[in-house]
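Source file: final02.cif. Holds: mmCIF, C-alpha atoms and all ligand atoms.
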data_run
#
loop_
_atom_site.label_atom_id
_atom_site.label_comp_id
_atom_site.auth_asym_id
_atom_site.auth_seq_id
_atom_site.Cartn_x
_atom_site.Cartn_y
_atom_site.Cartn_z
CA MET P 1 0.00 0.00 0.00
CA GLU P 2 1.22 3.46 -0.83
CA GLU P 3 -0.16 6.83 0.24
CA ILE P 4 -0.22 10.18 -1.58
CA VAL P 5 -1.43 13.24 0.32
CA ILE P 6 -3.10 16.10 -1.53
CA ASN P 7 -2.87 19.40 0.34
CA THR P 8 -4.89 22.29 -1.02
CA GLY P 9 -4.05 24.63 1.82
CA SER P 10 -7.48 24.44 3.43
CA GLN P 11 -7.93 20.65 3.18
CA THR P 12 -5.92 17.44 2.92
CA SER P 13 -6.94 14.24 1.21
CA ARG P 14 -5.20 10.85 1.58
CA ILE P 15 -5.09 8.73 -1.58
CA LEU P 16 -4.47 5.10 -0.58
CA LEU P 17 -3.08 3.16 -3.52
CA GLY P 18 -3.53 -0.60 -3.39
CA GLU P 19 -5.53 -0.47 -0.12
CA LYS P 20 -8.43 -2.94 0.11
CA LEU P 21 -12.15 -2.38 0.56
CA GLN P 22 -11.89 -5.01 3.33
CA ASN P 23 -9.82 -2.52 5.36
CA LEU P 24 -12.27 0.38 5.05
CA HIS P 25 -13.17 0.19 8.78
CA GLN P 26 -9.58 1.18 9.65
CA TYR P 27 -10.16 4.65 8.19
CA LEU P 28 -13.38 5.32 10.11
CA SER P 29 -13.50 6.71 13.64
CA GLN P 30 -15.00 4.47 16.29
CA GLY P 31 -18.39 5.58 17.54
CA LYS P 32 -19.35 7.63 14.50
CA LYS P 33 -22.41 6.66 12.51
CA VAL P 34 -21.13 5.61 9.08
CA ILE P 35 -23.43 5.40 6.06
CA ILE P 36 -22.38 3.91 2.74
CA VAL P 37 -23.57 5.13 -0.65
CA THR P 38 -23.09 2.74 -3.56
CA ASP P 39 -24.79 1.71 -6.80
CA THR P 40 -26.66 -1.47 -7.69
CA ASN P 41 -23.77 -3.01 -9.69
CA VAL P 42 -21.14 -2.40 -7.04
CA LYS P 43 -23.53 -3.67 -4.36
CA LYS P 44 -24.06 -6.86 -6.36
CA HIS P 45 -20.29 -7.55 -6.37
CA TYR P 46 -19.24 -6.16 -2.98
CA GLY P 47 -22.42 -5.79 -0.89
CA GLN P 48 -21.29 -8.49 1.55
CA LEU P 49 -18.20 -6.51 2.48
CA LEU P 50 -20.43 -3.53 3.32
CA SER P 51 -22.97 -5.40 5.43
CA ARG P 52 -21.85 -3.94 8.78
CA TRP P 53 -23.02 -0.43 7.75
CA PRO P 54 -26.37 0.96 6.56
CA VAL P 55 -26.21 1.26 2.76
CA ILE P 56 -28.02 3.70 0.48
CA THR P 57 -28.09 2.23 -3.03
CA ILE P 58 -28.53 4.38 -6.12
CA SER P 59 -29.26 3.32 -9.70
CA THR P 60 -26.42 3.26 -12.22
CA GLY P 61 -25.80 5.58 -15.15
CA GLU P 62 -25.30 9.24 -15.93
CA LYS P 63 -29.09 9.75 -16.14
CA ASN P 64 -29.24 9.19 -12.37
CA LYS P 65 -26.55 11.76 -11.57
CA THR P 66 -29.24 14.26 -10.68
CA LEU P 67 -30.68 16.37 -7.88
CA GLN P 68 -33.45 13.76 -7.57
CA THR P 69 -30.83 11.20 -6.52
CA ILE P 70 -29.35 13.70 -4.06
CA ASP P 71 -32.88 14.15 -2.68
CA ARG P 72 -33.16 10.36 -2.22
CA ILE P 73 -29.80 10.19 -0.46
CA ILE P 74 -30.70 13.04 1.89
CA GLY P 75 -33.97 11.19 2.61
CA GLY P 76 -31.93 8.05 3.37
CA LEU P 77 -29.64 10.00 5.73
CA VAL P 78 -32.64 11.43 7.59
CA LYS P 79 -34.12 7.91 7.85
CA GLN P 80 -30.83 6.68 9.31
CA GLU P 81 -30.97 9.56 11.81
CA ALA P 82 -27.65 10.86 10.56
CA ASP P 83 -26.39 14.01 12.28
CA ARG P 84 -23.50 16.45 11.94
CA SER P 85 -21.05 13.89 13.33
CA SER P 86 -22.10 11.16 10.87
CA TYR P 87 -19.75 10.06 8.12
CA ILE P 88 -20.52 9.07 4.52
CA VAL P 89 -18.44 6.75 2.33
CA GLY P 90 -19.10 6.52 -1.41
CA VAL P 91 -18.16 3.07 -2.73
CA GLY P 92 -18.18 3.00 -6.51
CA GLY P 93 -17.10 4.72 -9.69
CA GLY P 94 -17.05 8.38 -10.63
CA ILE P 95 -20.82 8.75 -10.48
CA VAL P 96 -21.13 7.41 -6.93
CA CYS P 97 -18.14 9.51 -5.81
CA ASP P 98 -19.39 12.76 -7.43
CA ILE P 99 -22.87 12.26 -5.95
CA THR P 100 -21.70 11.18 -2.49
CA GLY P 101 -19.28 14.09 -2.16
CA PHE P 102 -22.03 16.53 -3.09
CA ALA P 103 -24.65 14.99 -0.77
CA ALA P 104 -22.14 15.00 2.12
CA SER P 105 -21.20 18.62 1.38
CA ILE P 106 -24.74 19.93 1.66
CA PHE P 107 -26.30 17.66 4.32
CA MET P 108 -26.54 19.73 7.53
CA ARG P 109 -24.23 22.28 5.83
CA GLY P 110 -21.60 19.60 5.33
CA ILE P 111 -20.49 16.37 6.96
CA ARG P 112 -17.21 14.56 6.31
CA PHE P 113 -16.81 11.85 3.72
CA GLY P 114 -14.42 9.41 2.03
CA PHE P 115 -14.42 7.20 -1.07
CA VAL P 116 -13.64 3.65 -2.08
CA SER P 117 -12.95 4.18 -5.74
CA SER P 118 -13.89 1.13 -7.82
CA THR P 119 -13.36 2.04 -11.49
CA LEU P 120 -10.10 2.86 -13.24
CA LEU P 121 -11.53 6.25 -14.27
CA SER P 122 -12.43 7.18 -10.72
CA GLN P 123 -9.05 6.01 -9.36
CA VAL P 124 -7.02 8.02 -11.88
CA ASP P 125 -9.35 10.97 -12.11
CA ALA P 126 -12.89 11.35 -10.73
CA SER P 127 -12.37 10.55 -7.05
CA VAL P 128 -9.22 12.68 -6.81
CA GLY P 129 -9.32 16.46 -6.71
CA GLY P 130 -12.45 17.41 -4.80
CA LYS P 131 -14.91 18.22 -7.59
CA ASN P 132 -18.34 16.90 -6.55
CA GLY P 133 -21.69 17.46 -8.18
CA VAL P 134 -24.54 16.37 -10.41
CA ASN P 135 -25.93 17.09 -13.86
CA TYR P 136 -28.88 19.42 -14.37
CA SER P 137 -31.32 19.40 -17.25
CA GLY P 138 -28.81 17.81 -19.64
CA TYR P 139 -25.89 20.03 -18.54
CA LYS P 140 -23.03 17.96 -17.14
CA ASN P 141 -21.89 18.71 -13.60
CA LEU P 142 -23.74 22.04 -13.59
CA VAL P 143 -24.46 21.91 -9.85
CA GLY P 144 -21.71 21.11 -7.39
CA VAL P 145 -18.98 22.09 -4.97
CA PHE P 146 -15.24 21.80 -4.42
CA ASN P 147 -14.65 19.71 -1.30
CA GLN P 148 -11.86 17.16 -0.75
CA PRO P 149 -12.66 13.66 0.54
CA ASP P 150 -10.71 12.72 3.70
CA PHE P 151 -9.48 9.55 1.99
CA VAL P 152 -9.76 7.67 -1.28
CA ILE P 153 -9.13 3.92 -1.20
CA CYS P 154 -7.98 2.76 -4.65
CA ASP P 155 -8.52 -1.01 -4.48
CA PHE P 156 -6.94 -2.47 -7.62
CA GLU P 157 -8.55 -5.89 -6.99
CA MET P 158 -11.98 -4.33 -7.51
CA LEU P 159 -10.99 -3.45 -11.10
CA LYS P 160 -11.06 -7.17 -11.94
CA THR P 161 -14.87 -7.17 -11.93
CA LEU P 162 -15.06 -3.99 -13.98
CA PRO P 163 -16.37 -4.53 -17.55
CA LYS P 164 -13.67 -4.08 -20.23
CA LYS P 165 -15.36 -1.07 -21.80
CA GLU P 166 -15.35 0.72 -18.44
CA PHE P 167 -11.66 -0.09 -17.96
CA LYS P 168 -10.83 1.52 -21.33
CA ILE P 169 -12.49 4.78 -20.24
CA GLY P 170 -9.84 5.02 -17.52
CA MET P 171 -7.10 4.27 -20.07
CA ALA P 172 -8.18 7.30 -22.12
CA GLU P 173 -7.61 9.55 -19.08
CA ILE P 174 -4.25 7.88 -18.37
CA ILE P 175 -3.10 8.58 -21.93
CA LYS P 176 -4.30 12.17 -21.50
CA HIS P 177 -2.29 12.66 -18.30
CA GLY P 178 0.95 11.53 -19.97
CA ALA P 179 0.24 13.57 -23.10
CA ILE P 180 -0.30 16.83 -21.21
CA LYS P 181 2.19 16.50 -18.36
CA SER P 182 4.85 13.80 -18.65
CA LEU P 183 6.71 12.24 -21.55
CA SER P 184 8.17 9.51 -19.31
CA TYR P 185 4.68 8.53 -18.08
CA PHE P 186 3.44 8.53 -21.69
CA GLU P 187 6.33 6.23 -22.64
CA TYR P 188 5.56 3.90 -19.71
CA THR P 189 1.92 3.72 -20.83
CA GLU P 190 2.97 2.94 -24.42
CA LYS P 191 5.29 0.14 -23.30
CA ASN P 192 2.93 -1.42 -20.77
CA MET P 193 -0.44 -1.09 -22.45
CA SER P 194 -1.04 -4.78 -22.99
CA GLU P 195 0.01 -5.61 -19.40
CA ALA P 196 -2.39 -2.95 -18.14
CA LEU P 197 -5.23 -4.33 -20.25
CA ASN P 198 -4.43 -7.77 -18.79
CA HIS P 199 -4.82 -6.37 -15.25
CA ASN P 200 -1.17 -6.65 -14.21
CA THR P 201 -1.49 -5.18 -10.70
CA ASP P 202 2.04 -3.72 -10.61
CA VAL P 203 1.44 -1.88 -13.87
CA ILE P 204 -1.97 -0.65 -12.72
CA HIS P 205 -0.45 0.55 -9.44
CA ARG P 206 2.16 2.57 -11.34
CA LEU P 207 -0.43 4.02 -13.73
CA VAL P 208 -2.80 5.08 -10.95
CA LYS P 209 0.10 6.50 -8.94
CA GLU P 210 1.48 8.59 -11.84
CA SER P 211 -1.98 9.89 -12.71
CA VAL P 212 -2.79 10.75 -9.09
CA LEU P 213 0.57 12.54 -8.70
CA ILE P 214 -0.13 14.60 -11.82
CA LYS P 215 -3.66 15.43 -10.73
CA ALA P 216 -2.54 16.15 -7.14
CA LYS P 217 0.08 18.65 -8.31
CA VAL P 218 -2.40 20.44 -10.55
CA VAL P 219 -5.11 20.50 -7.87
CA GLU P 220 -2.70 21.79 -5.23
CA THR P 221 -1.77 24.76 -7.41
CA ASP P 222 -5.18 25.46 -8.95
CA GLU P 223 -7.98 23.72 -7.01
CA ARG P 224 -10.73 25.89 -8.50
CA GLU P 225 -9.69 25.62 -12.15
CA THR P 226 -8.73 29.17 -12.91
CA GLY P 227 -5.65 28.25 -14.96
CA GLU P 228 -3.44 25.14 -14.84
CA ARG P 229 -6.29 22.73 -13.98
CA LYS P 230 -7.94 23.61 -17.30
CA LYS P 231 -5.20 21.59 -19.04
CA LEU P 232 -6.80 18.44 -17.62
CA ASN P 233 -9.59 19.14 -20.11
CA PHE P 234 -7.33 18.09 -23.03
CA GLY P 235 -9.59 16.26 -25.50
CA HIS P 236 -12.69 17.06 -23.45
CA THR P 237 -14.09 20.06 -25.36
CA THR P 238 -14.71 17.87 -28.40
CA ALA P 239 -15.56 14.84 -26.23
CA HIS P 240 -18.41 16.65 -24.48
CA ALA P 241 -19.87 17.78 -27.83
CA ILE P 242 -19.62 14.21 -29.21
CA GLU P 243 -21.29 12.81 -26.09
CA LYS P 244 -24.18 15.24 -26.58
CA ILE P 245 -24.92 14.11 -30.14
CA ALA P 246 -24.02 10.42 -30.21
CA PRO P 247 -24.55 7.35 -28.01
CA ILE P 248 -20.87 6.95 -27.21
CA ASN P 249 -18.99 6.20 -24.00
CA HIS P 250 -16.77 8.83 -22.36
CA GLY P 251 -13.48 7.03 -23.09
CA ASP P 252 -14.20 6.77 -26.82
CA ALA P 253 -15.26 10.43 -26.87
CA VAL P 254 -12.08 11.55 -25.06
CA ALA P 255 -9.96 9.47 -27.45
CA LEU P 256 -11.57 11.20 -30.45
CA GLY P 257 -11.25 14.56 -28.69
CA MET P 258 -7.51 14.01 -28.21
CA ILE P 259 -7.15 13.17 -31.94
CA VAL P 260 -8.88 16.45 -32.83
CA ALA P 261 -6.71 18.44 -30.39
CA ALA P 262 -3.52 16.79 -31.69
CA GLY P 263 -4.54 17.56 -35.29
CA LEU P 264 -5.15 21.20 -34.41
CA SER P 265 -1.80 21.32 -32.59
CA VAL P 266 -0.05 20.13 -35.76
CA LYS P 267 -1.95 22.64 -37.94
CA LYS P 268 -0.94 25.44 -35.57
CA GLY P 269 2.72 24.41 -36.00
CA LEU P 270 2.99 23.50 -32.31
CA LEU P 271 3.23 19.71 -32.43
CA SER P 272 5.26 17.55 -34.81
CA PRO P 273 3.25 15.18 -37.04
CA ALA P 274 5.37 12.33 -35.59
CA ASP P 275 4.19 13.14 -32.05
CA ALA P 276 0.57 13.33 -33.22
CA GLU P 277 1.00 9.90 -34.82
CA ARG P 278 2.50 8.56 -31.60
CA LEU P 279 -0.54 9.74 -29.64
CA LYS P 280 -2.83 8.13 -32.20
CA ASN P 281 -0.91 4.84 -31.93
CA VAL P 282 -1.18 4.62 -28.15
CA ILE P 283 -4.91 5.40 -28.34
CA GLN P 284 -5.27 2.51 -30.78
CA LEU P 285 -3.17 0.24 -28.54
CA ALA P 286 -5.72 0.84 -25.78
CA GLY P 287 -8.47 -0.30 -28.16
CA LEU P 288 -9.94 3.20 -28.32
CA PRO P 289 -11.23 4.78 -31.58
CA VAL P 290 -9.36 7.36 -33.68
CA LYS P 291 -12.09 7.95 -36.26
CA MET P 292 -15.86 7.70 -36.17
CA ASN P 293 -18.88 8.16 -38.36
CA LEU P 294 -20.47 11.19 -36.68
CA PRO P 295 -23.15 13.59 -37.98
CA LYS P 296 -20.97 16.62 -38.81
CA THR P 297 -23.63 19.31 -38.76
CA LYS P 298 -24.87 18.27 -35.34
CA LEU P 299 -21.31 18.07 -34.01
CA PHE P 300 -20.47 21.58 -35.29
CA ALA P 301 -23.64 22.91 -33.68
CA ALA P 302 -22.79 21.28 -30.34
CA MET P 303 -19.23 22.71 -30.46
CA ARG P 304 -20.53 26.19 -31.21
CA LYS P 305 -22.53 26.03 -27.97
CA ASP P 306 -19.37 25.38 -25.90
CA LYS P 307 -19.22 27.59 -22.83
CA LYS P 308 -15.52 28.34 -23.47
CA ARG P 309 -16.46 30.02 -26.77
CA ASP P 310 -15.77 33.71 -27.20
CA ASN P 311 -17.37 35.12 -30.41
CA ASP P 312 -15.59 33.34 -33.30
CA SER P 313 -13.00 31.48 -31.28
CA ILE P 314 -12.84 28.92 -28.55
CA SER P 315 -10.25 28.22 -25.84
CA PHE P 316 -8.61 24.89 -26.60
CA ILE P 317 -6.04 22.72 -24.87
CA LEU P 318 -3.33 21.81 -27.38
CA LEU P 319 0.08 20.11 -27.16
CA ASP P 320 3.42 21.63 -28.14
CA LYS P 321 5.09 18.27 -27.51
CA ILE P 322 4.15 15.02 -25.84
CA GLY P 323 4.22 15.84 -22.15
CA ASN P 324 3.31 19.52 -22.44
CA ALA P 325 -0.06 21.19 -22.92
CA VAL P 326 -0.76 24.81 -23.85
CA ILE P 327 -4.00 26.80 -23.91
CA GLU P 328 -4.69 28.50 -27.28
CA LYS P 329 -7.56 30.25 -29.01
CA ILE P 330 -8.85 28.30 -32.01
CA SER P 331 -11.16 29.84 -34.60
CA ILE P 332 -14.47 28.08 -35.19
CA LYS P 333 -13.39 27.69 -38.86
CA GLU P 334 -10.16 25.87 -37.92
CA LEU P 335 -12.12 23.65 -35.57
CA GLU P 336 -14.71 22.74 -38.19
CA GLU P 337 -11.98 21.79 -40.68
CA GLN P 338 -10.43 19.51 -38.07
CA LEU P 339 -13.77 17.93 -37.19
CA ASP P 340 -14.29 17.29 -40.88
CA ASP P 341 -11.13 15.11 -40.86
CA LEU P 342 -12.36 13.21 -37.78
CA CYS P 343 -15.75 12.38 -39.26
P1 LIG P 401 -19.60 4.91 -13.23
O1 LIG P 401 -19.49 5.42 -11.88
O2 LIG P 401 -20.90 4.96 -13.93
O3 LIG P 401 -19.09 3.39 -13.25
C1 LIG P 401 -19.13 2.67 -14.46
C2 LIG P 401 -19.94 1.38 -14.34
O4 LIG P 401 -19.14 0.41 -13.67
C3 LIG P 401 -21.22 1.51 -13.54
O5 LIG P 401 -22.20 0.71 -14.15
C4 LIG P 401 -20.85 0.92 -12.18
O6 LIG P 401 -21.94 0.37 -11.52
C5 LIG P 401 -19.85 -0.14 -12.56
N1 LIG P 401 -18.84 -0.46 -11.58
C6 LIG P 401 -18.15 0.39 -10.79
N2 LIG P 401 -17.19 -0.26 -10.13
C7 LIG P 401 -17.28 -1.56 -10.50
C8 LIG P 401 -16.53 -2.70 -10.17
N3 LIG P 401 -15.45 -2.66 -9.39
N4 LIG P 401 -16.90 -3.88 -10.73
C9 LIG P 401 -17.96 -3.93 -11.57
N5 LIG P 401 -18.68 -2.88 -11.94
C10 LIG P 401 -18.34 -1.69 -11.41
O7 LIG P 401 -18.56 5.61 -14.23
P2 LIG P 401 -17.07 6.14 -14.09
O8 LIG P 401 -16.51 6.01 -15.45
O9 LIG P 401 -16.35 5.55 -12.96
O10 LIG P 401 -17.29 7.69 -13.76
C11 LIG P 401 -17.92 8.56 -14.67
C12 LIG P 401 -18.34 9.81 -13.94
O11 LIG P 401 -17.19 10.42 -13.36
C13 LIG P 401 -18.99 10.85 -14.83
O12 LIG P 401 -20.21 11.27 -14.27
C14 LIG P 401 -17.99 12.01 -14.85
O13 LIG P 401 -18.62 13.26 -14.96
C15 LIG P 401 -17.32 11.83 -13.53
N6 LIG P 401 -15.99 12.43 -13.46
C16 LIG P 401 -15.75 13.26 -12.41
C17 LIG P 401 -14.49 13.84 -12.29
C18 LIG P 401 -14.22 14.74 -11.12
O14 LIG P 401 -13.16 15.38 -11.07
N7 LIG P 401 -15.09 14.79 -10.14
C19 LIG P 401 -13.49 13.58 -13.23
C20 LIG P 401 -13.78 12.71 -14.27
C21 LIG P 401 -15.04 12.13 -14.38
#
Is it possible to express this structure as structure tokens?
Amino acid sequence: MEEIVINTGSQTSRILLGEKLQNLHQYLSQGKKVIIVTDTNVKKHYGQLLSRWPVITISTGEKNKTLQTIDRIIGGLVKQEADRSSYIVGVGGGIVCDITGFAASIFMRGIRFGFVSSTLLSQVDASVGGKNGVNYSGYKNLVGVFNQPDFVICDFEMLKTLPKKEFKIGMAEIIKHGAIKSLSYFEYTEKNMSEALNHNTDVIHRLVKESVLIKAKVVETDERETGERKKLNFGHTTAHAIEKIAPINHGDAVALGMIVAAGLSVKKGLLSPADAERLKNVIQLAGLPVKMNLPKTKLFAAMRKDKKRDNDSISFILLDKIGNAVIEKISIKELEEQLDDLC
């Protein structure tokens, strides 16, 4: 087991790499009422290990990441007679963690909480960094707060029950972290992709650790995303537009988004074509798409609605080499040409 501490100045968060769900009780104070929030899938696999605590179970899927679910959780907390000293633990993927952190942050003006992170995406990204919230009326994560969990258990054994397509979503974020922040991490990912896909625990430990270290550093310097943290959105501007118009999972959308951003980086004279090709290759190694049949007009329309748009240009995260991201303005025309190539 290895521990990384994130310190934002006002809060600290312990990320426990390779810790086990079975040891959760060791991180909870004696005498406090503990309530678990999980989803139906995770409960099916791990419910027995949670049986000593009351459990609030939510339905799976992005469509349930809503204020209605928060309402149900608050109702569950009231039923359990939770008070200001009670403690909530979210056991699940990014959706459970985002929802649990938000519910804990608003119940009785805020009670403390921790996570057991059970998907690769939540271990390398979602459960780390203190962004909690829910979607509203089709807008992703529109309502939420910044609040760090006390601890995040990253149990690599739990990833063995994770469906393959969910595992690949996490790989897309891992590739992103190397591409924007660390050439050596990118190289490690390239070399060890097949081991990672075969659930080699040592490789997964290293990948989660490197990603958490990158995210921790960014969050410590820019918790509220006023500058540096924006670079974590590499590939995500296009990904969010694709997700709005097509039934596609987040990992596939991020992969396509990174291809678009790399193409724009080359066109801007920032990135070498060889580096763009290298990024494309590692995306393919992970079994993620690099091209897709998408309805162009709808995609353009969705991109034009992006909240980072400013008249005829949009703020975009590009690469000037593998391992370094830059924020540049891209004209809508340049973007549409690039999307044309993708489709
Ligand atoms: P998810 O939480 O929906 O989990 C994916 C699926 O895997 C679900 O069906 C879940 O029930 C199942 N599952 C979870 N753990 C399992 C396990 N160990 N074995 C078997 N099945 C398991 O999805 P996700 O990809 O983990 O997270 C996506 C969410 O994370 C999105 O809502 C996104 O907005 C959010 N996110 C948040 C941040 C942040 O900084 N807060 C960052 C990135 C993503």
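Nearest residue to ligand LIG 401 (chain P) among P:Val37, P:Met1, P:Val96, P:Val219 is P:Val96, counting only C-alpha atoms and all ligand atoms.
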Give the residues close to ligand LIG 401 (chain P), within 6 Å, counting only C-alpha atoms and all ligand atoms; write them as a PyMOL selection string. chain P and resi 39+41-42+60-62+92-96+98+118-119+121-122+125-127+129+131-132+158-159+161-162+166
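Nearest residue to Phe316 in chain P among P:Ser13, P:Ser265, P:Asn200, P:Thr69 is P:Ser265, counting only C-alpha atoms.
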Selection as a PyMOL selection string: residues within 9 Å of (-11.2, 6.7, -26.0), counting only C-alpha atoms: chain P and resi 168-173+249-258+283-284+286-290
Only C-alpha atoms, please: the residues just picked out, written as an mmCIF file, in the frame of the given file.
data_model
loop_
_atom_site.group_PDB
_atom_site.id
_atom_site.type_symbol
_atom_site.label_atom_id
_atom_site.label_comp_id
_atom_site.auth_asym_id
_atom_site.auth_seq_id
_atom_site.Cartn_x
_atom_site.Cartn_y
_atom_site.Cartn_z
ATOM 1 C CA LYS P 168 -10.830 1.520 -21.330
ATOM 2 C CA ILE P 169 -12.490 4.780 -20.240
ATOM 3 C CA GLY P 170 -9.840 5.020 -17.520
ATOM 4 C CA MET P 171 -7.100 4.270 -20.070
ATOM 5 C CA ALA P 172 -8.180 7.300 -22.120
ATOM 6 C CA GLU P 173 -7.610 9.550 -19.080
ATOM 7 C CA ASN P 249 -18.990 6.200 -24.000
ATOM 8 C CA HIS P 250 -16.770 8.830 -22.360
ATOM 9 C CA GLY P 251 -13.480 7.030 -23.090
ATOM 10 C CA ASP P 252 -14.200 6.770 -26.820
ATOM 11 C CA ALA P 253 -15.260 10.430 -26.870
ATOM 12 C CA VAL P 254 -12.080 11.550 -25.060
ATOM 13 C CA ALA P 255 -9.960 9.470 -27.450
ATOM 14 C CA LEU P 256 -11.570 11.200 -30.450
ATOM 15 C CA GLY P 257 -11.250 14.560 -28.690
ATOM 16 C CA MET P 258 -7.510 14.010 -28.210
ATOM 17 C CA ILE P 283 -4.910 5.400 -28.340
ATOM 18 C CA GLN P 284 -5.270 2.510 -30.780
ATOM 19 C CA ALA P 286 -5.720 0.840 -25.780
ATOM 20 C CA GLY P 287 -8.470 -0.300 -28.160
ATOM 21 C CA LEU P 288 -9.940 3.200 -28.320
ATOM 22 C CA PRO P 289 -11.230 4.780 -31.580
ATOM 23 C CA VAL P 290 -9.360 7.360 -33.680
#
To one decimal place in Å, what is the distance between CA of Asn281 in chain P and CA of Glu210 in chain P? 20.6 Å
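Shortest separation to Asp341 in chain P among P:Lys65, P:Lys296, P:Lys244, P:Lys321 occurs at residue P:Lys296, atoms counted being all atoms listed in the file.
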Ile58 in chain P proximity check over P:Met193, P:Ile99, P:Leu264, P:Ala82, using only C-alpha atoms: winner is P:Ile99
Ref. answer, residues at most 10 Å from (-3.5, -2.3, -20.5) with only C-alpha atoms, as an MDAnalysis selection string: chainID P and resid 167:168 171 189:200 203:204 207 285:287
When you count all atoms listed in the file, which of these residues is closest to Leu142 in chain P: P:Ser182, P:Ser272, P:Ser117, P:Thr66? P:Thr66
Could you name the residues that touch Ile259 in chain P at 12 Å or less, counting all atoms listed in the file, but leaving out those on the same chain fewer than 6 positions away, as number ranges by chain? P: 172, 175-176, 179, 234-239, 252-253, 265-266, 273, 275-284, 288-292, 317-319, 338-339, 341-343
